Structure formats: structure tokens, C-alpha cells
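Colleague: For reference, the structure I am asking about is given below.
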Amino acid sequence: MSAAEMLAPERVLATPVRRPGRSLRFLASELRIIFGRRRNLAGMLVLAVVPVIIAIAVKASGPSGGGDGPDFVSSITGNGLFVALAALTVEMPLFLPLAVAAVSGDAVAGEANLGTLRYLLTIPAGRTRLLAVKYAAIVIFAFVATLLVATVGTVMGLSLFGGGDMTLLSGSQTSLADGLWRILLTTGYLAVCFAALGAIGLFVSTLTEQPIAATIAVVLINVMMFILDSISQLDWLHPWLLTHWWTAFGDLLRDPIATDNISRGLLTAAVYAVVFWLAAWARFSNKDITS
Amino acid sequence: MGIFDRKPALRWLAPLAFVLVVGGTGGVVAVTASADPPLEPRTAEQLLVAMQQASVDGLSGTVVQTSDLGIPDIPGAQGSDSSLTSMVSGTHTLRVWYSAPDKARLALVGTLGESDVIKNGADLWTWSSKDNTATHRTLTPGERPSDTPEQSMTPEAAAAKVLEAISPTTEVTTNGTATVAGRSAYELLLRPKDTRSLVSEVRIAIDSEKSIPLRVQVVGVQEQPAFEVAYSSVDFGQPDAAQFDFNPPPGAKVTEAAPHPSTSKGDHKADDKAAAADRPTVVGTGWTTVLVAKTGDLQSADNPQLGQMLNSLQRVQGSWGSGRLLRGTLFSVVLTDDGRVAVGSVEPEMLYRALAR
């Protein structure tokens, strides 16, 4: 949320009496709406089902898994922690971005569509603060959704396959506690990546009054970045794509952890988040709110 | 009120300004990085001697290798970029640890995968995370393992190969200084005197303090280096000793490799005679050396994609026969219809002449 802090002085000028408590209350109500919506809960249920399916499928088919499955699946029988990693890998290209796209695309366009946006703006919230709170809620959702997948995966994996030392990509072994810590780091890294996608969603959401259109646009942007990333002739473009760095989470599973790509990924995500939050701010603050 | 309230369109400057600041910061860093304090000039001979005598007590770093050899993507060589067969094209990242001649580790880093070569005392381990396999080999004293593809990937190995080629056929000069991995370096310039070579020059950046090669660039017919291997980060501290311990994880398939064939001298000579017929013929010397070898019938090989790729190559013929020509940025290859292959860092005409002999 450095973007909001950067712009905070402007807020202070606009409303001389600044009440952080009001922002927090606003955020709390925003989170209640997000996590109270049935469609969001259904979406999170789908996210949580994937690790369960992976775990049960691998358990049922036995350790015969060859190298054909998605990454990490063949390692699951050795250590249950890999269920979480396999689930994150499987959900990374579409499911988790889709969930973030649904929530972020809904952020402004959804209010406009329901006709509640003008009421939100009648209270002295200020458009900048509205966007800051909306984005904070998106970031929190991104973290909760990613953590949900990792947690369900870890619990399912440990209960079906047991724990013990975890084999890293480098072939060395690490303790269960360190394995859990690395999964937490992976979750945090991917959540930051998805939160940056959420900033794109927030911006797109200020462009339209149709939340579904915003969501579809964000998913398309996400898929388009994956497509561009797979065209080797465009390799000059790849480092600038948000999604290019997502698979770098594998570097957290090496011995020792490789930080180059991870920090580059975090930096890219931060730049995307700031740029698109500012774009949303530029668009939203001079937009005529008619609904 | 602020200017943003009077002219709301100006708000769009905020995201643009941020993009410019980020882009600008990157540019400034790049500019300041190249403006390093001048190093005292050294001659090419001094650099060569320093490089041959260089030794480091410890090193860890990241090596990035890029190749643009101008050849079609080889089917099956893509996909998992942590496997060892994928070295021919694209960009590869390698993590390196070194603390003594018998303690070294190389990790070829791929997306969600890794291949390692670990040398610790008399043990040589290779590990592949994709296949979940490990190979162990006991080295005989004095043996220098050099047959793993990764080991030819570091700037040191590349420089050693290039220096072997230094002979009266090469013009060696210095090319000022360079900055590689944030360290100042001298640059050595090697130019083949024989202008028929496709290699126009080889540049070796040598660390100004430690005298080890930090970067090797091979420039072919294009202006951009066709091949580059360079440290992107390097640290001359002693790596943690635990880096060199390798125990195959449970569940991994472990193969015990036979000792190196050169140690069993008895069978060696018999093999020699059988292999002599298939051994490549060397035509020419120095930078324009051409290798001619037998390949057998590639078209009827198991790999249909390979056959397809071969068919897409340009058809050529001459007094030497007929075949297909592959023109890369650094070398040319002719595959003849009668199952021979000629490779060299030269124009195709020289390959035809070698085939005609």
C-alpha cells in the first residue's frame, strides 16, 4: 500500500480532519462484502477443492505417477507438503488470477452497476481513499485466496501422505518446519503477484460499469501475458510481463534460495501495482459518477 | 485547491511519471555502472599470464548463458529447460559454487526444476529434479571430470577452450575495460587472422582483481554476440561447506556409474580400432577447421520431428554429392545424403571442399 501512502498528503489537504479509524471501518465493511458474497465464497470453495482433488487422486492411483503430470505431482507421495505446491502450480495460470479478477473487476464497476457508487461518494470518503480502501481489500483477498489453497493443500497432504523431511529442487533435504516456511514464502510471493494483477483489475473496473466485462478483461490480460511469455521471438518483452516472474517461486525451493528472480518478480509486481493504481486514480477521480 | 482539481486530465501524468521514473532509474543505474574508475592499462600478454595463474579460494555466483546460433529449434531439445540437452538455444541460468578444485557445485536452473553436478573430494554426483534421478561416480585420483555438459558452461571453461585455440592464427589485443556483474574487468579481444572464419571476434572480460574470466562473448556474422556466457553476480567469499554435501533424497533413483573408461586400458585399444573408422576427419587448422564425420541415415531415425526439421533445410549439391545445409550465425553444417556431416565455423564453400576430399 505504498501507493496510497505516497498520495496521502493530497488526502490530508482535501479533508483537514483525518480519521484513520474511518478508513479502517470502511475497509472492514468492504471485506465483509467481499467475503460475505455467495459467489465469492463459491469461488473460494472451488479454489480449495483443487488441492483436495490432487491429494485424493494421487492417493488413489498410488505412487506410479510418472513425469507426465504437472510439476511436483510426482513428488507428492514422498511428502505431503507437495500437495500445496502442486495445487498452487495448477491454480497459478488461471484459477487464482480468475478469483482476483472477479473481485477486483467488481470493485468499482460492481458498485456502479448496483447504483451504490454515488452513495459511497456522498459520504466524505473521498475518491482517493475509496480507491485505496478498495485496493487494500483486493490485496487482502489475494492473500487469503492464495493462503487458502496452500493451507488446504498442506493439511490434505500431511494427513494423507505424512510429513517428514522435504526434498528441495536441488536434491537436498530440509526439515518439515523449513518446508512449511518455504511454502509460506511461496504463498506470500504468489499473493503479491496476484495483488499486482488486482491493481490492473481495479483500473479496468473504473473504465466500465459492467463488473463482468471488467473481470473478463482482466482474465484476458492475464492469459495474453502468458501467451506473449511463451512466444520465444518476443523474448525482449518477457522481463516486462507480470506473469513472466510468477513461476520464479520455484527459486524458493532451491538450496540455498535464489533471490535474483524473486526480487525481480516482487519489483515488477510493485511497479505494476503502483502504475495501475495511479491509472485507476487518474481515471476515477475525474470520472462523472452517474450511477 | 490543487492543480489536479482544476485540470483533472493532468492526473494521468501520475502513472506516466511513475513509469518514466522507474525506466529512468534503470537507465541511470546502467550508465553509472559503466562509468567506473579507470584501471591501469595492461597488455594482452600480461592479461593472458594473469589469467593462467589466477586462482580463487572461493566463489559463488550466477552465470547466464545466451546463445543465438541461428539454427532452427531442435525438436525435443526444448520444453524442460533444466535438462542438459537444452543448451543449444535460448538463455540458461547456472548457479556456481567453488571452494577448491575438488569442491565445486553447478546447478542448472530451470523453471520449477534443477540439474546439479556436485564434486566433493572423490565423489561426483549428478542430480536431476525432473527425473528424480541421481548418478554417483567415484573419481580416480588426478582425474578431471570434463564430460558433463554443465561444466563447459562457465565463463572459465569457455575461456579455457578459446585460449586453447590461440595460436599463430589469432590476433590478441586488449579492448579497454568493461563491467561485468558489478566488477571492473579488462577485456581481451581475440580475432582470427583467417578471415574465412565465421567467428569475427571473441571477447573475454577478465576480473581486474582476481584475473578470472567473468564473461566470454563470441561474435559471429552478426553484430550481436552469437554466444555469451557471463556472471550476472559473483561473490569471492568461501561458500558454505554444506553446499558440497550431496545425499540423494529418499525415493530418488540412484545409479552408480562405472569408473571413467580411460582408466581401463586393456579394452581401450580394441575399441580404438573399431572406432577409428567412425572417427571424425579433421580438415584444416585453427579457426577454419572443418570436421567431417559419419552420421548414418538421419531421415529414417526414430524422431519424425527431426526428419521434418531436416527436410526444411536448404538443399544443396555439388561435385561432393548432395545434402542439406544449415547456416548458423557461428557455424555451418552440411548433412549429406550419403550419411556424412561436415561442421565448421566457415562458409559452406569450405565445407563442400572438405567433403570433396
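Each chain in the C-alpha cells gets a letter, A, B and so on, in the order shown; residues start at 1 in every chain, and ligands are counted from 1 in the order they appear.
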Residues of chain A that approach chain B to 6 Å or less, counting only C-alpha atoms: could you list each one with the shortest pair of atoms and its distance in Å to one decimal, rows by chain and increasing residue number, as CSV?
Modeller:
```
residue,atom,partner,partner_atom,distance
A:Leu169,CA,B:Ser129,CA,5.6
A:Gly250,CA,B:Leu112,CA,4.8
A:Val275,CA,B:Pro15,CA,4.9
A:Leu278,CA,B:Pro15,CA,5.1
A:Ala279,CA,B:Pro15,CA,5.5
A:Ala282,CA,B:Arg11,CA,4.7
A:Asn286,CA,B:Pro8,CA,5.6
```
Colleague: Okay, now the selection with C-alpha atoms, as a tab-separated table (two decimals), in the first residue's frame?
Modeller:
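So the final result, stored in part31.tsv, reads:
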```tsv
chain	number	residue	atom	x	y	z
A	169	LEU	CA	14.68	-28.94	-6.21
A	250	GLY	CA	10.45	-22.33	-7.67
A	275	VAL	CA	1.20	2.21	-12.14
A	278	LEU	CA	-2.33	5.54	-10.22
A	279	ALA	CA	-4.08	4.98	-13.54
A	282	ALA	CA	-6.43	9.30	-12.60
A	286	ASN	CA	-12.24	12.78	-12.98
```
Colleague: Mind checking which residues fall within 9 Å of Glu156 in chain B, counting only C-alpha atoms, ignoring those fewer than 5 positions away in the same chain, and posting them as a PyMOL selection string?
Modeller: chain B and resi 161+212-216
Colleague: For the residues selected in the previous step, produce a file with all heavy atoms as an mmCIF file, in the first residue's frame.
Modeller:
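Result written to part02.cif:
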```
data_model
loop_
_atom_site.group_PDB
_atom_site.id
_atom_site.type_symbol
_atom_site.label_atom_id
_atom_site.label_comp_id
_atom_site.auth_asym_id
_atom_site.auth_seq_id
_atom_site.Cartn_x
_atom_site.Cartn_y
_atom_site.Cartn_z
ATOM 1 N N LYS B 161 38.697 -22.973 -23.325
ATOM 2 C CA LYS B 161 38.541 -23.522 -24.673
ATOM 3 C C LYS B 161 39.070 -22.548 -25.718
ATOM 4 O O LYS B 161 39.741 -22.935 -26.665
ATOM 5 C CB LYS B 161 37.059 -23.787 -24.943
ATOM 6 C CG LYS B 161 36.637 -25.158 -24.516
ATOM 7 C CD LYS B 161 35.682 -25.778 -25.523
ATOM 8 C CE LYS B 161 35.284 -27.145 -25.033
ATOM 9 N NZ LYS B 161 34.298 -27.050 -23.940
ATOM 10 N N ILE B 212 40.159 -13.780 -13.089
ATOM 11 C CA ILE B 212 39.435 -14.896 -13.693
ATOM 12 C C ILE B 212 38.462 -14.338 -14.727
ATOM 13 O O ILE B 212 37.999 -13.209 -14.611
ATOM 14 C CB ILE B 212 38.683 -15.754 -12.650
ATOM 15 C CG1 ILE B 212 37.568 -14.942 -12.004
ATOM 16 C CG2 ILE B 212 39.615 -16.310 -11.608
ATOM 17 C CD1 ILE B 212 36.460 -15.800 -11.481
ATOM 18 N N PRO B 213 38.163 -15.121 -15.756
ATOM 19 C CA PRO B 213 37.237 -14.639 -16.784
ATOM 20 C C PRO B 213 35.830 -14.478 -16.219
ATOM 21 O O PRO B 213 35.311 -15.382 -15.559
ATOM 22 C CB PRO B 213 37.258 -15.742 -17.840
ATOM 23 C CG PRO B 213 38.446 -16.566 -17.535
ATOM 24 C CD PRO B 213 38.691 -16.450 -16.076
ATOM 25 N N LEU B 214 35.244 -13.330 -16.437
ATOM 26 C CA LEU B 214 33.887 -13.083 -15.964
ATOM 27 C C LEU B 214 32.878 -13.188 -17.096
ATOM 28 O O LEU B 214 31.697 -13.372 -16.862
ATOM 29 C CB LEU B 214 33.777 -11.684 -15.349
ATOM 30 C CG LEU B 214 34.557 -11.430 -14.069
ATOM 31 C CD1 LEU B 214 34.371 -9.996 -13.626
ATOM 32 C CD2 LEU B 214 34.102 -12.366 -12.966
ATOM 33 N N ARG B 215 33.374 -13.030 -18.320
ATOM 34 C CA ARG B 215 32.430 -13.075 -19.445
ATOM 35 C C ARG B 215 33.174 -13.467 -20.706
ATOM 36 O O ARG B 215 34.304 -13.038 -20.930
ATOM 37 C CB ARG B 215 31.791 -11.700 -19.644
ATOM 38 C CG ARG B 215 30.773 -11.672 -20.777
ATOM 39 C CD ARG B 215 30.108 -10.337 -20.918
ATOM 40 N NE ARG B 215 31.024 -9.321 -21.361
ATOM 41 C CZ ARG B 215 30.788 -8.015 -21.290
ATOM 42 N NH1 ARG B 215 29.663 -7.583 -20.766
ATOM 43 N NH2 ARG B 215 31.663 -7.153 -21.724
ATOM 44 N N VAL B 216 32.541 -14.306 -21.506
ATOM 45 C CA VAL B 216 33.084 -14.648 -22.819
ATOM 46 C C VAL B 216 31.984 -14.403 -23.842
ATOM 47 O O VAL B 216 30.856 -14.856 -23.670
ATOM 48 C CB VAL B 216 33.538 -16.121 -22.878
ATOM 49 C CG1 VAL B 216 33.974 -16.478 -24.286
ATOM 50 C CG2 VAL B 216 34.664 -16.371 -21.896
#
```
Colleague: If you run DSSP over the backbone, which residues in range 75-250 of chain A end up strand (DSSP E)? Put them as a list of chain:residue names.
Modeller: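 Assigned to strand (DSSP E), within range 75-250 of chain A: A:Met166, A:Thr167, A:Gln173, A:Thr174.
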Colleague: Selected residues, N, CA, C and O atoms, written as an mmCIF file, in the first residue's frame, please.
Modeller:
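So the final result, stored in part.cif, reads:
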```cif
data_model
loop_
_atom_site.group_PDB
_atom_site.id
_atom_site.type_symbol
_atom_site.label_atom_id
_atom_site.label_comp_id
_atom_site.auth_asym_id
_atom_site.auth_seq_id
_atom_site.Cartn_x
_atom_site.Cartn_y
_atom_site.Cartn_z
ATOM 1 N N MET A 166 11.635 -32.663 3.599
ATOM 2 C CA MET A 166 11.141 -32.315 2.273
ATOM 3 C C MET A 166 12.332 -32.238 1.324
ATOM 4 O O MET A 166 13.360 -31.651 1.649
ATOM 5 N N THR A 167 12.187 -32.851 0.137
ATOM 6 C CA THR A 167 13.256 -32.799 -0.853
ATOM 7 C C THR A 167 13.113 -31.531 -1.685
ATOM 8 O O THR A 167 12.062 -31.271 -2.266
ATOM 9 N N GLN A 173 17.768 -32.169 1.296
ATOM 10 C CA GLN A 173 16.565 -32.289 2.110
ATOM 11 C C GLN A 173 16.535 -31.234 3.198
ATOM 12 O O GLN A 173 17.568 -30.779 3.676
ATOM 13 N N THR A 174 15.337 -30.861 3.551
ATOM 14 C CA THR A 174 15.199 -29.865 4.592
ATOM 15 C C THR A 174 14.103 -30.313 5.550
ATOM 16 O O THR A 174 13.292 -31.171 5.220
#
```
Colleague: What does the distance between CA of Phe227 in chain B and CA of Leu163 in chain B come to in Å, to one decimal place?
Modeller: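 So the two atoms, CA of Phe227 in chain B and CA of Leu163 in chain B, lie 16.1 Å apart.
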Colleague: Return the single residue from A:Trp277, A:Phe141, A:Trp236, A:Phe284 that is closest to Ile34 in chain A, with distances computed using only C-alpha atoms.
Modeller: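 Looking only at the distances to Ile34 in chain A, the closest residue turns out to be A:Phe141.
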Colleague: Using only C-alpha atoms, which residues sit within 7 Å of range 99-111 of chain A once same-chain residues fewer than 6 positions away are excluded, as a list in words?
Modeller: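 In the requested format, the answer is Gly43, Leu117, Lys134, Ile138, Ala142, Phe194, Gly198, Gly201, Leu202, Val204, Ser205, Thr206, Thr208, Glu209, Gln210, Pro211, Ala214, Thr215, Val218 and Val219 of chain A.
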